[in-house]
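Reviewing the structure listed below.
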Amino acid sequence: MAPETSFISRLGRRIEVKRDTDTDVDIYVNKDTRPLPPSRRPYGPWHFVGLWMVTGSFNVGGWTTGSSLISLGLNVWQSMLTVIIAHTFVGFVCIAGGHPGAKWHIGFPMWMKQNWGIWGYLFPMAIRVFLSFVWTATNTWYGSQCLKVLLTCIWPSFLNLNTKLASGAMQVSDFVAFVLYVLLCLPLMWFKPESYKKPFLAASVIVATTVFVLLVWATKRAGGGGALLADVSGVSGVAPAKGSALGWAFVAAITANIGGIATHMWSQSDYTRYARKPGDQVLAQLVMVPLGTIVVACVGLVCTSCAATLYPQEATLLWQPYAFLDAVRRYEDSGGARAGVALASVAFVLSQFGMVVASNSVVAGIDLAALLPRWFTVRRGGYFTVAFAFAMQPWTLLNSATSFLTVVGSFNVFLGPLMGVMFADYFLLRKTTVKLTDLYGSGPQSIYWYAKGWNIRAAVAWIAGAWFLIPGLAQRAVVPKDICPGWTRLYQLSWFLGCIVPGLSYLLLDYFWPIQDKLAVDDDDYFGTFGDSPIMRGSESPESDSVVGEKVAPKEKVLDI
């Protein structure tokens, strides 16, 4: 047993992340979990524009925004109006969600410690990591489907890999494309998030150009906007909503738009912490969030409408861009068409890199690094999340008859109350102040210790805002087409009610049970966050990826991954 124990001990030391030793704080801190110094904050306003274009709108999810809205009984123009209203509002919420990261340069997990407590933050973090796993898996699948179209254009015989797998949920060609896409993602995760700014800008230009080229080609080829714009109910098979049903459909569409991006705007601090200055995030959030989504959703609707005119033999509407491109390849059947489809597929493959790597895997890596800083860096967490995509089996989630993704997509029932609590705590009670050193405490000496590490006010307020929305969520999962008076209507207002009720509850609880030291801040720039501090023992060198820290035992390397 002794040799085995010795091997395990050596392995543990080998994979352990080197600790930053220039900070005398209670918990284990590494270079990815501490507040970021100026040397690691390269993002300016236009870099955030590129980030949002790729991760927020110009991708498969942004293209398909209109599909869920048409199914509510809205016509194309009503659907676009809800997109405009919802995403203009989302832009302001994203600025609020990114404020702690842009001002204090801390990630989302550290912010959760401020309003949930040193141990209580594990509750919102469990939800966040779970959602990262789900969306990484599903967006990897979307990217692999774009890659499959590309491979089919190059080698038409690729479709001969048509043996059914996973009880018919996919074919061998689907799985091969999925594996290849995962392998393509891996090298991108080696680079640190602060290195993504130029690739984001390049990818955003490429995919934006592609989207507009597809719009021009489709409208010219179809001789106009297509059948869906002319007769939405006749083409989609969905009866138009009228009277009060139209009003509630409009409200539900706005809530659905917000819910679809709720996870992203909830954890904005994970990327805004890389901002050079607090105001650098504002342009992208306020302009590109609504504008990008409006443009892409509109293009997706028009191209789907044109496809309904061009390819009436298709049994269903071609909402996904990869389904649209594959139909162009099959029905146009020319060398020029295949070349055009191949180039467009490359653009969407690149856009999905942004969704898989930057928007989900890296963010999950930041969260895992905060939860387990001794064992995870951002890079390791990203690799772990992508590897977990196989366990999530997105081909089953997206092709089965279950309502799993409907439920996951409705997580605004839980995220709305979480955001209500954090906005009330940070903006209204604390006036945007944070005591950074106490975020890294582990005992009663921290002002964020509350009651044994838990802020009971946050838990009570969250329950107050979530309980009355859960029956509507359950009804949507089991019988989505039915209307349950009261519960369904509450659910259709879920994000707004879920945010307002807990926020007010939290303020009321603080009135009767005041939080101590609400406006406390550190006396000094303890972490070297706001100035060019000298390189200290254990801190990261701007010229090197390594961390100067504790000495390592002879002949034992510490992996810098």
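Note on naming: chains are A, B, ... as they come in the structure tokens, residues start from 1 per chain, ligands start from 1 in the order shown.
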So which bits of stretch 318-406 of chain A end up alpha helix (DSSP H) when you DSSP the backbone, as a PyMOL selection string?
chain A and resi 321-332+335-353+363-371+378-392+394-399+404-406
Using only C-alpha atoms, which residues sit within 9 Å of A:Ser269 once same-chain residues fewer than 4 positions away are excluded, as a list in words?
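The neighbour list is Gly97, Gly98, His99, Pro100, Gly101, Ala102, His105, Ile106, Gly107, Phe108, Pro109, Trp111, Met265, Arg273 and Tyr274 of chain A.
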Report as a list in words all protein, DNA and RNA residues lying within 9 Å of A:Val83, evaluated on only C-alpha atoms, omitting residues in the same chain fewer than 4 positions from it.
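The filter keeps Thr65, Gly66, Gln78, Ser79, His87, Thr88, Ala253, Ile254, Asn257, Pro290, Thr293, Ile294 and Ala297 of chain A.
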Name the residues in contact with stretch 130-137 of chain A at a cut-off of 7 Å, using only C-alpha atoms, excluding same-chain residues fewer than 4 positions from it; report them as a list of chain:residue names.
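Using only C-alpha atoms, the neighbours found are A:Ala126, A:Trp141, A:Val356, A:Asn360, A:Ser361, A:Ala364, A:Thr385, A:Val386, A:Phe388, A:Ala389, A:Met392, A:Pro394.
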Between atom CA of A:Val76 and atom CA of A:Val238, what is the distance, to one decimal in Å?
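Straight-line distance from atom CA of A:Val76 to atom CA of A:Val238 works out to 12.3 Å.
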Enumerate, as a ChimeraX atom specification, the complete set of residues in stretch 418-550 of chain A that a backbone-based DSSP assignment places in strand (DSSP E or B).
/A:451,454,540,547
Selected residues written out, all heavy atoms, as a short mmCIF file (atom, residue, chain, number, x, y, z; two decimals), in the first residue's frame:
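Writing the result to result34.cif gives the following:
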data_model
loop_
_atom_site.label_atom_id
_atom_site.label_comp_id
_atom_site.auth_asym_id
_atom_site.auth_seq_id
_atom_site.Cartn_x
_atom_site.Cartn_y
_atom_site.Cartn_z
N ALA A 451 -24.60 33.95 8.34
CA ALA A 451 -24.91 32.93 9.34
C ALA A 451 -24.27 31.61 8.91
O ALA A 451 -24.81 30.92 8.04
CB ALA A 451 -26.42 32.77 9.50
N TRP A 454 -23.88 31.39 5.18
CA TRP A 454 -25.09 31.50 4.35
C TRP A 454 -25.81 32.81 4.65
O TRP A 454 -26.04 33.16 5.80
CB TRP A 454 -26.04 30.34 4.64
CG TRP A 454 -25.59 29.03 4.06
CD1 TRP A 454 -24.64 28.21 4.57
CD2 TRP A 454 -26.06 28.43 2.86
NE1 TRP A 454 -24.48 27.10 3.76
CE2 TRP A 454 -25.34 27.21 2.70
CE3 TRP A 454 -26.99 28.79 1.91
CZ2 TRP A 454 -25.54 26.36 1.62
CZ3 TRP A 454 -27.22 27.94 0.83
CH2 TRP A 454 -26.49 26.74 0.69
N GLU A 540 1.33 36.58 -10.95
CA GLU A 540 1.58 36.25 -12.35
C GLU A 540 2.43 37.32 -12.99
O GLU A 540 2.23 38.51 -12.80
CB GLU A 540 0.26 36.12 -13.10
CG GLU A 540 0.45 35.67 -14.52
CD GLU A 540 -0.86 35.65 -15.26
OE1 GLU A 540 -1.82 36.20 -14.74
OE2 GLU A 540 -0.90 35.08 -16.35
N VAL A 547 3.50 31.12 -12.90
CA VAL A 547 3.27 31.83 -11.66
C VAL A 547 4.45 31.57 -10.75
O VAL A 547 4.81 30.41 -10.50
CB VAL A 547 1.97 31.36 -10.99
CG1 VAL A 547 1.81 32.03 -9.64
CG2 VAL A 547 0.80 31.67 -11.88
#
So which one's closest to A:Thr377, A:Val362, A:Ile85, A:Phe348, A:Ser505? Using only C-alpha atoms, please.
A:Val362
With 9 Å as the cut-off and only C-alpha atoms counted, what is the closest atom pair between each nearby residue of stretch 172-266 of chain A and stretch 159-162 of chain A? Distances in Å to one decimal, ordered by chain and number, as a tab-separated table.
residue	atom	partner	partner_atom	distance
A:Val172	CA	A:Leu161	CA	5.3
A:Ser173	CA	A:Leu161	CA	5.0
A:Asp174	CA	A:Leu161	CA	8.6
A:Val176	CA	A:Leu161	CA	9.0
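What separates atom CA of A:Gly224 from atom CA of A:Gln313 is a distance of 19.0 Å.
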Contact residues around A:Arg276 with only C-alpha atoms at 9 Å, ignoring same-chain residues under 5 positions, as a PDB file with C-alpha atoms, in the first residue's frame:
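Dumped to out_27.pdb:
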ATOM      1  CA  PRO A  38      -4.272  45.494 -15.403  1.00  0.00           C
ATOM      2  CA  ARG A  40      -4.684  40.700 -17.820  1.00  0.00           C
ATOM      3  CA  ARG A  41      -7.382  43.175 -18.850  1.00  0.00           C
ATOM      4  CA  PRO A  42      -6.982  43.896 -22.579  1.00  0.00           C
ATOM      5  CA  TYR A  43     -10.649  44.227 -23.610  1.00  0.00           C
ATOM      6  CA  GLY A  44     -11.755  47.591 -24.962  1.00  0.00           C
ATOM      7  CA  PRO A  45     -15.204  48.608 -26.299  1.00  0.00           C
ATOM      8  CA  ALA A 102     -16.017  45.728 -15.066  1.00  0.00           C
TER       9      ALA A 102
END
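Straight-line separation from atom CA of A:Leu490 to atom CA of A:Gly472: 7.0 Å.
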Hey, what's within 12 Å of A:Trp248 if we count only C-alpha atoms and toss same-chain stuff fewer than 2 positions away? As a PyMOL selection string, please?
chain A and resi 72-74+82+241-246+250-256+483+488-493
Write out, as a JSON list (two decimals), in the first residue's frame, the residues just selected, with N, CA, C and O atoms.
[["chain", "number", "residue", "atom", "x", "y", "z"],
["A", 72, "LEU", "N", -46.04, 30.57, -31.16],
["A", 72, "LEU", "CA", -46.98, 31.15, -30.20],
["A", 72, "LEU", "C", -48.20, 31.76, -30.88],
["A", 72, "LEU", "O", -49.13, 32.19, -30.20],
["A", 73, "GLY", "N", -48.19, 31.80, -32.22],
["A", 73, "GLY", "CA", -49.32, 32.36, -32.95],
["A", 73, "GLY", "C", -49.08, 33.78, -33.41],
["A", 73, "GLY", "O", -50.01, 34.45, -33.89],
["A", 74, "LEU", "N", -47.84, 34.27, -33.30],
["A", 74, "LEU", "CA", -47.51, 35.61, -33.77],
["A", 74, "LEU", "C", -47.12, 35.56, -35.24],
["A", 74, "LEU", "O", -46.59, 34.56, -35.72],
["A", 82, "THR", "N", -41.41, 41.86, -30.75],
["A", 82, "THR", "CA", -41.06, 41.31, -29.42],
["A", 82, "THR", "C", -39.55, 41.17, -29.27],
["A", 82, "THR", "O", -39.01, 41.38, -28.19],
["A", 241, "ALA", "N", -52.84, 34.10, -33.25],
["A", 241, "ALA", "CA", -53.42, 34.49, -31.97],
["A", 241, "ALA", "C", -54.23, 35.77, -32.16],
["A", 241, "ALA", "O", -53.83, 36.67, -32.90],
["A", 242, "LYS", "N", -55.38, 35.83, -31.48],
["A", 242, "LYS", "CA", -56.25, 37.00, -31.59],
["A", 242, "LYS", "C", -56.77, 37.40, -30.22],
["A", 242, "LYS", "O", -56.82, 36.59, -29.30],
["A", 243, "GLY", "N", -57.17, 38.66, -30.10],
["A", 243, "GLY", "CA", -57.77, 39.14, -28.86],
["A", 243, "GLY", "C", -56.81, 39.06, -27.69],
["A", 243, "GLY", "O", -55.62, 39.37, -27.78],
["A", 244, "SER", "N", -57.31, 38.60, -26.55],
["A", 244, "SER", "CA", -56.48, 38.49, -25.35],
["A", 244, "SER", "C", -55.37, 37.46, -25.53],
["A", 244, "SER", "O", -54.28, 37.60, -24.96],
["A", 245, "ALA", "N", -55.65, 36.43, -26.35],
["A", 245, "ALA", "CA", -54.62, 35.42, -26.61],
["A", 245, "ALA", "C", -53.41, 36.05, -27.30],
["A", 245, "ALA", "O", -52.26, 35.67, -27.04],
["A", 246, "LEU", "N", -53.67, 37.04, -28.17],
["A", 246, "LEU", "CA", -52.57, 37.74, -28.83],
["A", 246, "LEU", "C", -51.75, 38.53, -27.82],
["A", 246, "LEU", "O", -50.52, 38.54, -27.87],
["A", 250, "PHE", "N", -47.88, 37.83, -26.94],
["A", 250, "PHE", "CA", -46.87, 38.88, -27.04],
["A", 250, "PHE", "C", -46.02, 38.93, -25.77],
["A", 250, "PHE", "O", -44.79, 39.02, -25.83],
["A", 251, "VAL", "N", -46.69, 38.87, -24.61],
["A", 251, "VAL", "CA", -45.97, 38.87, -23.33],
["A", 251, "VAL", "C", -45.08, 37.63, -23.22],
["A", 251, "VAL", "O", -43.91, 37.72, -22.80],
["A", 252, "ALA", "N", -45.63, 36.48, -23.58],
["A", 252, "ALA", "CA", -44.86, 35.23, -23.49],
["A", 252, "ALA", "C", -43.65, 35.28, -24.41],
["A", 252, "ALA", "O", -42.58, 34.75, -24.07],
["A", 253, "ALA", "N", -43.78, 35.91, -25.57],
["A", 253, "ALA", "CA", -42.67, 36.01, -26.52],
["A", 253, "ALA", "C", -41.55, 36.88, -25.95],
["A", 253, "ALA", "O", -40.36, 36.56, -26.09],
["A", 254, "ILE", "N", -41.91, 37.98, -25.31],
["A", 254, "ILE", "CA", -40.90, 38.84, -24.69],
["A", 254, "ILE", "C", -40.17, 38.08, -23.58],
["A", 254, "ILE", "O", -38.93, 38.11, -23.48],
["A", 255, "THR", "N", -40.94, 37.38, -22.74],
["A", 255, "THR", "CA", -40.33, 36.60, -21.66],
["A", 255, "THR", "C", -39.44, 35.50, -22.22],
["A", 255, "THR", "O", -38.36, 35.22, -21.68],
["A", 256, "ALA", "N", -39.89, 34.85, -23.30],
["A", 256, "ALA", "CA", -39.09, 33.78, -23.91],
["A", 256, "ALA", "C", -37.78, 34.32, -24.46],
["A", 256, "ALA", "O", -36.73, 33.67, -24.35],
["A", 483, "ILE", "N", -53.61, 25.52, -21.20],
["A", 483, "ILE", "CA", -53.59, 26.77, -20.45],
["A", 483, "ILE", "C", -54.23, 26.52, -19.09],
["A", 483, "ILE", "O", -55.39, 26.13, -19.01],
["A", 488, "THR", "N", -50.36, 29.47, -15.57],
["A", 488, "THR", "CA", -49.77, 29.70, -16.88],
["A", 488, "THR", "C", -49.46, 31.18, -17.08],
["A", 488, "THR", "O", -48.39, 31.54, -17.61],
["A", 489, "ARG", "N", -50.37, 32.03, -16.65],
["A", 489, "ARG", "CA", -50.16, 33.47, -16.82],
["A", 489, "ARG", "C", -48.99, 33.95, -15.96],
["A", 489, "ARG", "O", -48.20, 34.80, -16.39],
["A", 490, "LEU", "N", -48.86, 33.43, -14.76],
["A", 490, "LEU", "CA", -47.72, 33.78, -13.92],
["A", 490, "LEU", "C", -46.42, 33.34, -14.58],
["A", 490, "LEU", "O", -45.42, 34.06, -14.58],
["A", 491, "TYR", "N", -46.46, 32.13, -15.16],
["A", 491, "TYR", "CA", -45.26, 31.62, -15.83],
["A", 491, "TYR", "C", -44.88, 32.48, -17.02],
["A", 491, "TYR", "O", -43.70, 32.70, -17.30],
["A", 492, "GLN", "N", -45.87, 32.99, -17.75],
["A", 492, "GLN", "CA", -45.59, 33.83, -18.90],
["A", 492, "GLN", "C", -44.96, 35.17, -18.50],
["A", 492, "GLN", "O", -44.39, 35.86, -19.34],
["A", 493, "LEU", "N", -45.06, 35.51, -17.25],
["A", 493, "LEU", "CA", -44.41, 36.72, -16.72],
["A", 493, "LEU", "C", -43.23, 36.36, -15.83],
["A", 493, "LEU", "O", -42.78, 37.18, -15.01]]
Who sits within 12 Å of stretch 284-287 of chain A, only C-alpha atoms, same chain under 2 positions skipped, as an MDAnalysis selection string
chainID A and resid 43:57 84 87:99 264:265 268 271:272 275 279:282 289:295
From the options A:Tyr322, A:Phe212, A:Phe384, A:Trp77, which residue's atoms come nearest to A:Val299, counting only C-alpha atoms?
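Comparing A:Tyr322, A:Phe212, A:Phe384, A:Trp77 against A:Val299, the winner is A:Phe212.
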Which residue out of A:Ser167, A:Gln516, A:Thr309, A:Ser345 has the minimum interatomic distance to A:Leu150 when only C-alpha atoms are used?
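That would be A:Ser345, the residue with the smallest distance to A:Leu150.
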